[in-house]
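Following: one structure in C-alpha cells, then a few remarks.
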2 protein chains.
Amino acid sequence: MSLTISQVLKTTTAQTLGALKGVLAKGQAHAEAIGVEESVFLNARLAPDMFPLVRQVQIATDMSARGASRLAGRDMPSFPDTETTFAELIERCDNAIAHILGTSDDAINANADTVLEIPAGKDQTMPMTGTAYTLSFIVTNLNFHATTAYGLLRSQGVAIGKRDYLMPPGAEAL
Amino acid sequence: MSLTISQVLKTTTAQTLGALKGVLAKGQAHAEAIGVEESVFLNARLAPDMFPLVRQVQIATDMSARGASRLAGRDMPSFPDTETTFAELIERCDNAIAHILGTSDDAINANADTVLEIPAGKDQTMPMTGTAYTLSFIVTNLNFHATTAYGLLRSQGVAIGKRDYLMPPGAEAL
C-alpha cells in the first residue's frame, strides 16, 4: 500500500502534537506541585539565544497548521501569539490538530507534485514540491520544535520520558 | 504521486543524519577552538537522567539503520557503542546512511502492510505495520534523538542554527 502526503501529515500531527499536549500537561502539573509560576517554565530556554518554551510550541503548531493550509491551498489560520499559561498552549495544540485533521485529504494530495514557494526568512522563499515540503520541512520542523519543548521541560525537572514524546496520553499503540 | 515507506525512510535519513554530521563537525571545531576535550561535549546531558550526546547519536543511527533492516527482513547491522570522538560519531552516521540508502526499496516496501513485532523495552514488543513503524517510530525517534543532540550542543555554546538541523552541509535546497 502506498502513502499520501496527507496521511504523513495527519499521522505525524496526531502523534506529535497529541503527545506534546500530554508533555505540557505534565509541565503544568509539575509547576503546580512545586509552587512555581508557570511563566518560569514557559520562558525557559536551552541556550540564551534559543526561543523559550512558549515560542517552541507556537512554532510547532504554526508550522503544521499553516503547512496544512498551504498544501491544500486554503486560507492560513492565524493564532495570535498571546499564550501565557500551559492551558492556553494545550488549547493552541488542540486548535492546530483540529485544523489539520479537518483539512481535505484530496486538496492536500492534489499538490504533492506542485512546486510551492515556501517562506524561508528575510523575504526569501524556497521552491519545494508538496511532497518535499511535507516530509522535509513540516514533519522535520514539527519534531524539531516539539522535541526542543520536551528537552526544555526535561531540563527543568519535569518527570517525562520518551514514551510521553512518542505517544499521546491514552494511546495504546502507535 | 504517492509515496512509499522506503522513500520516507531514505529522505529522512539523508536529511537528518546528513545534517547531524554537519552539527557534529561544528561541535568538533568548537571543542578544538576553545581547547576543551571532546569528551566534555560527548558526555554532556540536558538533564542528569537523560542520555549524553554520544548515546543520542548512537540511538539515532541504530533506530534508523536497524529499522531499515527490520523493514527489509535483512540481518541487523551491529555498531559497537565505542565512539569517543566526534570523528567516530560522524563515521557512524556515514555507516548508517550507507546502510539505509543501500537497502532495497522493494524489500522495504513489500512490508508496508506487514505487522512487525517491534522491541519496546523490558522483553515487550509492540505490533506495528511497516508503515506505522516507519512514520510513527523510526522517523519520530530519529528526529527526537537528532534534535536532542542538536539541543545539547546548542546548550554547550556551539554556534549552530536551525538551518544546520534542516539541511546537510552543502545542500542547496530541501
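Chains: A, B, ... in order of the C-alpha cells. Residues: from 1 per chain. Ligands: from 1, in order shown.
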
Near A:Ser39, counting only C-alpha atoms, which residues have an atom at most 10 Å away, once you skip same-chain residues fewer than 6 positions from it, shown as an mmCIF file with N, CA, C and O atoms, in the first residue's frame?
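Writing the result to result_23.cif gives the following:
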```cif
data_model
loop_
_atom_site.group_PDB
_atom_site.id
_atom_site.type_symbol
_atom_site.label_atom_id
_atom_site.label_comp_id
_atom_site.auth_asym_id
_atom_site.auth_seq_id
_atom_site.Cartn_x
_atom_site.Cartn_y
_atom_site.Cartn_z
ATOM 1 N N ALA A 31 4.608 22.384 37.721
ATOM 2 C CA ALA A 31 4.673 23.771 38.220
ATOM 3 C C ALA A 31 3.772 23.934 39.444
ATOM 4 O O ALA A 31 4.169 24.535 40.452
ATOM 5 N N LEU A 53 10.256 28.107 25.733
ATOM 6 C CA LEU A 53 9.241 27.062 25.562
ATOM 7 C C LEU A 53 7.981 27.559 24.862
ATOM 8 O O LEU A 53 7.477 26.904 23.937
ATOM 9 N N VAL A 54 7.459 28.689 25.279
ATOM 10 C CA VAL A 54 6.202 29.164 24.695
ATOM 11 C C VAL A 54 6.332 29.319 23.179
ATOM 12 O O VAL A 54 5.435 28.946 22.417
ATOM 13 N N THR A 84 0.061 32.615 27.783
ATOM 14 C CA THR A 84 0.863 32.844 28.994
ATOM 15 C C THR A 84 0.700 31.710 30.012
ATOM 16 O O THR A 84 1.206 31.810 31.118
ATOM 17 N N THR A 85 -0.028 30.662 29.614
ATOM 18 C CA THR A 85 -0.213 29.519 30.524
ATOM 19 C C THR A 85 -0.096 28.208 29.743
ATOM 20 O O THR A 85 -0.261 28.180 28.514
ATOM 21 N N PHE A 86 0.167 27.138 30.491
ATOM 22 C CA PHE A 86 0.177 25.813 29.857
ATOM 23 C C PHE A 86 -1.184 25.495 29.247
ATOM 24 O O PHE A 86 -1.264 24.922 28.167
#
```

Handout entry: Residues of stretch 7-173 of chain A in alpha helix (DSSP H), written as a VMD selection string
Key = chain A and resid 7 to 12 18 to 34 38 to 42 53 to 72 86 to 101 105 to 109 130 to 132 139 to 155 162 to 166

Practice task
Give me the residues within 9 Å of B:Ala25 as a PyMOL selection string, counting only C-alpha atoms and dropping any in the same chain fewer than 4 places off.
Solution key: chain B and resi 20-21+29-30+86-87+90

Exercise for the section: Using only C-alpha atoms, determine which residues lie at most 12 Å from A:Leu71, disregarding the query and same-chain residues fewer than 3 positions distant; provide the list as a PyMOL selection string. Expected result: chain A and resi 5-6+9+63-68+74-76+100+103-118+128-134+137-138

Mind writing the picked residues with N, CA, C and O atoms as a compact mmCIF listing (two decimals), in the first residue's frame?
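Dumped to selection_13.txt:
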```txt
# COMPACT_ATOMS: atom_id res chain seq x y z
N ILE A 5 0.75 12.22 1.07
CA ILE A 5 1.32 13.25 1.95
C ILE A 5 0.32 13.66 3.02
O ILE A 5 0.70 14.03 4.14
N SER A 6 -0.95 13.58 2.71
CA SER A 6 -1.96 13.89 3.72
C SER A 6 -1.87 12.91 4.88
O SER A 6 -1.95 13.27 6.06
N LEU A 9 1.18 13.75 6.95
CA LEU A 9 0.96 14.96 7.74
C LEU A 9 0.01 14.70 8.91
O LEU A 9 0.28 15.11 10.05
N MET A 63 3.87 25.76 12.14
CA MET A 63 4.48 25.02 11.02
C MET A 63 3.51 23.99 10.47
O MET A 63 3.37 23.84 9.25
N SER A 64 2.85 23.29 11.35
CA SER A 64 1.99 22.20 10.91
C SER A 64 0.62 22.70 10.43
O SER A 64 0.15 22.27 9.38
N ALA A 65 0.01 23.61 11.18
CA ALA A 65 -1.35 24.07 10.79
C ALA A 65 -1.28 24.95 9.54
O ALA A 65 -2.10 24.80 8.61
N ARG A 66 -0.32 25.85 9.53
CA ARG A 66 -0.20 26.69 8.34
C ARG A 66 0.30 25.86 7.16
O ARG A 66 -0.07 26.10 6.00
N GLY A 67 1.12 24.88 7.45
CA GLY A 67 1.59 23.97 6.40
C GLY A 67 0.44 23.22 5.75
O GLY A 67 0.39 23.07 4.52
N ALA A 68 -0.48 22.73 6.57
CA ALA A 68 -1.64 22.01 6.01
C ALA A 68 -2.43 22.92 5.08
O ALA A 68 -2.87 22.50 4.00
N ARG A 74 -5.65 26.52 1.11
CA ARG A 74 -6.66 27.18 1.94
C ARG A 74 -6.09 28.44 2.55
O ARG A 74 -4.88 28.65 2.60
N ASP A 75 -7.01 29.25 3.12
CA ASP A 75 -6.54 30.39 3.90
C ASP A 75 -5.77 29.88 5.11
O ASP A 75 -6.10 28.85 5.70
N MET A 76 -4.75 30.63 5.48
CA MET A 76 -3.92 30.26 6.63
C MET A 76 -4.64 30.57 7.94
O MET A 76 -5.18 31.68 8.09
N ILE A 100 -5.77 20.79 11.16
CA ILE A 100 -5.03 19.90 10.24
C ILE A 100 -5.86 18.67 9.90
O ILE A 100 -5.99 18.31 8.72
N THR A 103 -8.56 19.33 7.40
CA THR A 103 -8.21 19.78 6.04
C THR A 103 -8.41 18.63 5.05
O THR A 103 -8.05 17.49 5.34
N SER A 104 -8.97 18.94 3.91
CA SER A 104 -9.30 17.91 2.92
C SER A 104 -8.09 17.13 2.44
O SER A 104 -7.10 17.71 1.95
N ASP A 105 -8.18 15.80 2.54
CA ASP A 105 -7.10 14.95 2.02
C ASP A 105 -6.89 15.20 0.53
O ASP A 105 -5.75 15.31 0.06
N ASP A 106 -7.98 15.27 -0.19
CA ASP A 106 -7.87 15.43 -1.65
C ASP A 106 -7.18 16.74 -2.01
O ASP A 106 -6.36 16.79 -2.93
N ALA A 107 -7.53 17.81 -1.28
CA ALA A 107 -6.92 19.11 -1.58
C ALA A 107 -5.42 19.08 -1.29
O ALA A 107 -4.62 19.63 -2.05
N ILE A 108 -5.03 18.43 -0.20
CA ILE A 108 -3.60 18.31 0.12
C ILE A 108 -2.89 17.48 -0.94
O ILE A 108 -1.85 17.88 -1.49
N ASN A 109 -3.44 16.32 -1.21
CA ASN A 109 -2.74 15.38 -2.09
C ASN A 109 -2.67 15.86 -3.55
O ASN A 109 -1.77 15.45 -4.29
N ALA A 110 -3.58 16.75 -3.91
CA ALA A 110 -3.55 17.30 -5.27
C ALA A 110 -2.27 18.10 -5.51
O ALA A 110 -1.86 18.30 -6.65
N ASN A 111 -1.63 18.54 -4.42
CA ASN A 111 -0.42 19.35 -4.57
C ASN A 111 0.88 18.60 -4.27
O ASN A 111 1.92 19.22 -4.06
N ALA A 112 0.82 17.29 -4.27
CA ALA A 112 2.03 16.51 -3.96
C ALA A 112 3.18 16.87 -4.90
O ALA A 112 4.35 16.96 -4.47
N ASP A 113 2.88 17.06 -6.16
CA ASP A 113 3.94 17.35 -7.14
C ASP A 113 4.02 18.83 -7.52
O ASP A 113 4.83 19.22 -8.36
N THR A 114 3.18 19.65 -6.92
CA THR A 114 3.18 21.09 -7.22
C THR A 114 4.38 21.75 -6.53
O THR A 114 4.68 21.46 -5.37
N VAL A 115 5.06 22.62 -7.24
CA VAL A 115 6.18 23.35 -6.62
C VAL A 115 5.62 24.56 -5.89
O VAL A 115 5.01 25.45 -6.50
N LEU A 116 5.81 24.57 -4.58
CA LEU A 116 5.32 25.66 -3.73
C LEU A 116 6.50 26.55 -3.36
O LEU A 116 7.64 26.08 -3.25
N GLU A 117 6.20 27.84 -3.17
CA GLU A 117 7.27 28.75 -2.74
C GLU A 117 7.12 28.92 -1.22
O GLU A 117 6.21 29.58 -0.74
N ILE A 118 8.04 28.32 -0.49
CA ILE A 118 7.94 28.27 0.96
C ILE A 118 8.76 29.41 1.58
O ILE A 118 9.95 29.54 1.28
N MET A 128 9.74 24.11 -3.25
CA MET A 128 9.68 22.70 -2.84
C MET A 128 8.39 22.11 -3.36
O MET A 128 7.35 22.77 -3.32
N THR A 129 8.43 20.86 -3.79
CA THR A 129 7.16 20.19 -4.11
C THR A 129 6.37 19.98 -2.82
O THR A 129 6.93 20.01 -1.71
N GLY A 130 5.08 19.75 -2.95
CA GLY A 130 4.27 19.45 -1.78
C GLY A 130 4.82 18.26 -0.99
O GLY A 130 4.77 18.25 0.24
N THR A 131 5.34 17.28 -1.71
CA THR A 131 5.91 16.11 -1.03
C THR A 131 7.15 16.49 -0.23
O THR A 131 7.28 16.11 0.95
N ALA A 132 8.06 17.24 -0.84
CA ALA A 132 9.28 17.66 -0.12
C ALA A 132 8.91 18.56 1.06
O ALA A 132 9.49 18.45 2.15
N TYR A 133 7.95 19.43 0.84
CA TYR A 133 7.51 20.34 1.91
C TYR A 133 6.97 19.55 3.11
O TYR A 133 7.29 19.84 4.27
N THR A 134 6.20 18.52 2.82
CA THR A 134 5.63 17.71 3.89
C THR A 134 6.71 16.93 4.64
O THR A 134 6.84 17.02 5.87
N PHE A 137 10.18 19.41 5.51
CA PHE A 137 10.02 20.70 6.16
C PHE A 137 9.02 20.62 7.31
O PHE A 137 9.36 20.84 8.46
N ILE A 138 7.77 20.26 7.01
CA ILE A 138 6.76 20.27 8.07
C ILE A 138 7.06 19.22 9.14
O ILE A 138 7.13 19.53 10.33
```

Nearby residues (only C-alpha atoms) at most 12 Å from B:Asp62, same-chain spacing under 5 positions excluded, as an mmCIF file with N, CA and C atoms, in the first residue's frame:
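The resulting file, selection.cif, is reproduced below:
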```
data_model
loop_
_atom_site.group_PDB
_atom_site.id
_atom_site.type_symbol
_atom_site.label_atom_id
_atom_site.label_comp_id
_atom_site.auth_asym_id
_atom_site.auth_seq_id
_atom_site.Cartn_x
_atom_site.Cartn_y
_atom_site.Cartn_z
ATOM 1 N N THR B 13 16.427 9.977 6.378
ATOM 2 C CA THR B 13 17.795 9.599 6.744
ATOM 3 C C THR B 13 18.821 10.529 6.115
ATOM 4 N N LEU B 17 20.238 12.514 9.280
ATOM 5 C CA LEU B 17 21.579 12.029 9.651
ATOM 6 C C LEU B 17 22.642 12.812 8.898
ATOM 7 N N ARG B 55 25.414 8.955 23.278
ATOM 8 C CA ARG B 55 24.348 7.951 23.237
ATOM 9 C C ARG B 55 23.185 8.418 22.348
ATOM 10 N N GLN B 56 22.928 9.729 22.340
ATOM 11 C CA GLN B 56 21.867 10.246 21.457
ATOM 12 C C GLN B 56 22.188 9.914 19.999
ATOM 13 N N VAL B 57 23.454 10.092 19.627
ATOM 14 C CA VAL B 57 23.847 9.813 18.238
ATOM 15 C C VAL B 57 23.811 8.307 17.969
ATOM 16 N N GLY B 67 16.236 -0.161 11.834
ATOM 17 C CA GLY B 67 14.861 -0.086 11.339
ATOM 18 C C GLY B 67 14.770 -0.435 9.867
ATOM 19 N N ALA B 68 15.716 0.061 9.076
ATOM 20 C CA ALA B 68 15.721 -0.256 7.636
ATOM 21 C C ALA B 68 15.853 -1.761 7.442
ATOM 22 N N SER B 69 16.718 -2.382 8.239
ATOM 23 C CA SER B 69 16.905 -3.832 8.121
ATOM 24 C C SER B 69 15.663 -4.590 8.531
ATOM 25 N N ARG B 70 15.048 -4.155 9.618
ATOM 26 C CA ARG B 70 13.836 -4.842 10.075
ATOM 27 C C ARG B 70 12.746 -4.738 9.008
ATOM 28 N N MET B 76 20.412 -7.447 10.908
ATOM 29 C CA MET B 76 20.607 -6.134 11.526
ATOM 30 C C MET B 76 22.090 -5.758 11.523
ATOM 31 N N PRO B 77 22.400 -4.530 11.192
ATOM 32 C CA PRO B 77 23.802 -4.108 11.347
ATOM 33 C C PRO B 77 24.095 -3.929 12.837
ATOM 34 N N SER B 78 25.310 -4.230 13.218
ATOM 35 C CA SER B 78 25.689 -4.054 14.619
ATOM 36 C C SER B 78 26.814 -3.033 14.683
ATOM 37 N N PHE B 79 26.551 -1.941 15.355
ATOM 38 C CA PHE B 79 27.592 -0.928 15.543
ATOM 39 C C PHE B 79 28.017 -1.001 17.005
ATOM 40 N N PRO B 80 29.262 -1.384 17.284
ATOM 41 C CA PRO B 80 29.681 -1.379 18.692
ATOM 42 C C PRO B 80 29.644 0.047 19.227
ATOM 43 N N ASP B 81 29.171 0.205 20.447
ATOM 44 C CA ASP B 81 28.995 1.554 21.005
ATOM 45 C C ASP B 81 30.284 2.002 21.683
ATOM 46 N N ARG B 92 30.089 6.927 12.210
ATOM 47 C CA ARG B 92 28.918 6.084 12.491
ATOM 48 C C ARG B 92 27.701 6.552 11.688
ATOM 49 N N CYS B 93 27.520 7.866 11.616
ATOM 50 C CA CYS B 93 26.423 8.398 10.790
ATOM 51 C C CYS B 93 26.613 7.994 9.328
ATOM 52 N N ASN B 95 28.169 5.403 8.157
ATOM 53 C CA ASN B 95 27.888 3.971 8.002
ATOM 54 C C ASN B 95 26.385 3.699 8.018
ATOM 55 N N ALA B 96 25.672 4.399 8.880
ATOM 56 C CA ALA B 96 24.223 4.199 8.957
ATOM 57 C C ALA B 96 23.551 4.683 7.672
ATOM 58 N N ILE B 97 23.958 5.848 7.197
ATOM 59 C CA ILE B 97 23.377 6.385 5.956
ATOM 60 C C ILE B 97 23.618 5.409 4.803
ATOM 61 N N HIS B 99 24.186 2.236 4.902
ATOM 62 C CA HIS B 99 23.396 1.015 5.094
ATOM 63 C C HIS B 99 21.942 1.237 4.673
ATOM 64 N N ILE B 100 21.382 2.344 5.109
ATOM 65 C CA ILE B 100 19.955 2.604 4.836
ATOM 66 C C ILE B 100 19.721 2.865 3.350
ATOM 67 N N ILE B 138 10.297 5.101 13.507
ATOM 68 C CA ILE B 138 11.666 5.398 13.047
ATOM 69 C C ILE B 138 11.857 6.897 12.833
ATOM 70 N N ASN B 141 11.613 8.792 16.213
ATOM 71 C CA ASN B 141 12.787 8.573 17.066
ATOM 72 C C ASN B 141 14.042 9.225 16.490
ATOM 73 N N LEU B 142 14.205 9.120 15.191
ATOM 74 C CA LEU B 142 15.390 9.714 14.564
ATOM 75 C C LEU B 142 15.419 11.220 14.816
ATOM 76 N N HIS B 145 16.072 12.018 18.699
ATOM 77 C CA HIS B 145 17.454 11.903 19.191
ATOM 78 C C HIS B 145 18.387 12.886 18.479
ATOM 79 N N ALA B 146 18.130 13.150 17.212
ATOM 80 C CA ALA B 146 18.973 14.123 16.496
ATOM 81 C C ALA B 146 18.729 15.537 17.033
#
```

Practice task
Within 7 Å of chain A, which residues of chain B are there when counting only C-alpha atoms? Please give them as a ChimeraX atom specification.
Solution key: /B:1-4,12,46-47,112-113,132,136,143-144,147-148,151,154-155,174

Save the residues we just selected, all heavy atoms, as a compact mmCIF listing (two decimals), in the first residue's frame?
```txt
# COMPACT_ATOMS: atom_id res chain seq x y z
N MET B 1 1.13 12.01 -7.11
CA MET B 1 2.08 10.91 -6.94
C MET B 1 2.04 10.44 -5.50
O MET B 1 1.99 11.24 -4.58
CB MET B 1 3.49 11.39 -7.27
CG MET B 1 4.47 10.28 -7.52
SD MET B 1 6.14 10.94 -7.79
CE MET B 1 6.67 11.29 -6.12
N SER B 2 2.05 9.14 -5.32
CA SER B 2 2.04 8.64 -3.94
C SER B 2 3.45 8.26 -3.51
O SER B 2 4.35 8.09 -4.31
CB SER B 2 1.08 7.47 -3.81
OG SER B 2 1.47 6.45 -4.68
N LEU B 3 3.58 8.17 -2.22
CA LEU B 3 4.86 7.90 -1.58
C LEU B 3 4.98 6.43 -1.24
O LEU B 3 3.98 5.73 -1.12
CB LEU B 3 4.90 8.65 -0.25
CG LEU B 3 5.03 10.14 -0.23
CD1 LEU B 3 4.73 10.64 1.18
CD2 LEU B 3 6.45 10.48 -0.61
N THR B 4 6.21 6.02 -0.96
CA THR B 4 6.43 4.69 -0.39
C THR B 4 7.14 4.88 0.95
O THR B 4 7.76 5.92 1.20
CB THR B 4 7.32 3.83 -1.29
OG1 THR B 4 8.60 4.47 -1.40
CG2 THR B 4 6.71 3.66 -2.67
N THR B 12 14.27 10.99 4.94
CA THR B 12 14.52 11.46 6.31
C THR B 12 15.95 11.15 6.74
O THR B 12 16.61 11.97 7.40
CB THR B 12 13.53 10.80 7.29
OG1 THR B 12 12.20 11.07 6.84
CG2 THR B 12 13.70 11.34 8.69
N LEU B 46 21.28 17.05 28.88
CA LEU B 46 20.30 18.13 29.13
C LEU B 46 19.70 18.00 30.52
O LEU B 46 19.16 18.96 31.05
CB LEU B 46 19.17 18.09 28.09
CG LEU B 46 19.47 18.65 26.71
CD1 LEU B 46 18.21 18.59 25.85
CD2 LEU B 46 19.98 20.09 26.79
N ALA B 47 19.73 16.81 31.08
CA ALA B 47 19.22 16.57 32.43
C ALA B 47 20.02 15.39 32.97
O ALA B 47 20.49 14.55 32.19
CB ALA B 47 17.73 16.25 32.39
N ALA B 112 5.11 -2.92 3.86
CA ALA B 112 4.32 -1.75 4.29
C ALA B 112 3.12 -2.17 5.13
O ALA B 112 2.78 -1.52 6.13
CB ALA B 112 3.88 -0.94 3.08
N ASP B 113 2.47 -3.24 4.74
CA ASP B 113 1.26 -3.66 5.46
C ASP B 113 1.50 -4.85 6.40
O ASP B 113 0.56 -5.34 7.03
CB ASP B 113 0.16 -4.05 4.45
CG ASP B 113 -0.28 -2.84 3.64
OD1 ASP B 113 -0.21 -1.71 4.16
OD2 ASP B 113 -0.68 -3.03 2.47
N ALA B 132 3.34 2.08 9.87
CA ALA B 132 3.30 2.73 11.19
C ALA B 132 4.71 2.77 11.79
O ALA B 132 5.12 3.77 12.41
CB ALA B 132 2.34 2.01 12.12
N SER B 136 5.74 6.48 12.45
CA SER B 136 5.48 6.84 13.85
C SER B 136 6.58 6.41 14.80
O SER B 136 6.57 6.81 15.97
CB SER B 136 4.15 6.24 14.31
OG SER B 136 3.09 6.78 13.55
N ASN B 143 14.29 11.88 14.59
CA ASN B 143 14.24 13.32 14.84
C ASN B 143 14.38 13.65 16.32
O ASN B 143 15.02 14.64 16.69
CB ASN B 143 12.92 13.90 14.32
CG ASN B 143 13.01 14.33 12.87
OD1 ASN B 143 13.65 15.33 12.55
ND2 ASN B 143 12.40 13.57 11.99
N PHE B 144 13.79 12.82 17.17
CA PHE B 144 13.87 13.06 18.62
C PHE B 144 15.33 13.04 19.08
O PHE B 144 15.78 13.96 19.77
CB PHE B 144 13.06 11.98 19.35
CG PHE B 144 13.08 12.08 20.84
CD1 PHE B 144 12.19 12.91 21.50
CD2 PHE B 144 13.98 11.34 21.60
CE1 PHE B 144 12.20 13.01 22.90
CE2 PHE B 144 13.99 11.42 22.99
CZ PHE B 144 13.11 12.27 23.64
N THR B 147 17.48 15.88 17.32
CA THR B 147 17.20 17.21 17.88
C THR B 147 17.78 17.33 19.29
O THR B 147 18.29 18.39 19.67
CB THR B 147 15.68 17.48 17.93
OG1 THR B 147 15.15 17.44 16.61
CG2 THR B 147 15.37 18.84 18.55
N THR B 148 17.72 16.26 20.06
CA THR B 148 18.29 16.30 21.41
C THR B 148 19.81 16.51 21.32
O THR B 148 20.39 17.28 22.11
CB THR B 148 17.93 15.03 22.19
OG1 THR B 148 16.50 14.91 22.23
CG2 THR B 148 18.45 15.10 23.62
N GLY B 151 20.25 20.15 20.50
CA GLY B 151 19.97 20.99 21.66
C GLY B 151 21.10 20.93 22.69
O GLY B 151 21.44 21.94 23.31
N ARG B 154 23.93 22.94 21.34
CA ARG B 154 23.50 24.34 21.42
C ARG B 154 23.62 24.85 22.85
O ARG B 154 24.09 25.97 23.08
CB ARG B 154 22.05 24.36 20.95
CG ARG B 154 21.47 25.65 20.54
CD ARG B 154 21.96 26.07 19.19
NE ARG B 154 21.08 27.14 18.72
CZ ARG B 154 21.01 28.34 19.31
NH1 ARG B 154 21.77 28.61 20.34
NH2 ARG B 154 20.17 29.25 18.83
N SER B 155 23.22 24.02 23.80
CA SER B 155 23.27 24.43 25.21
C SER B 155 24.71 24.52 25.70
O SER B 155 24.97 25.14 26.73
CB SER B 155 22.47 23.45 26.09
OG SER B 155 23.18 22.24 26.26
N LEU B 174 15.91 21.79 0.02
CA LEU B 174 15.44 20.61 0.75
C LEU B 174 15.08 19.48 -0.21
O LEU B 174 14.50 19.70 -1.22
CB LEU B 174 14.23 20.99 1.58
CG LEU B 174 14.59 21.84 2.78
CD1 LEU B 174 13.32 22.41 3.40
CD2 LEU B 174 15.34 21.04 3.81
```

Exercise for the section: Could you give me, as a PyMOL selection string, the residues within 8 Å of A:Gly22, counting only C-alpha atoms and dropping anything in the same chain fewer than 6 positions from it? Expected result: chain A and resi 164+168-169
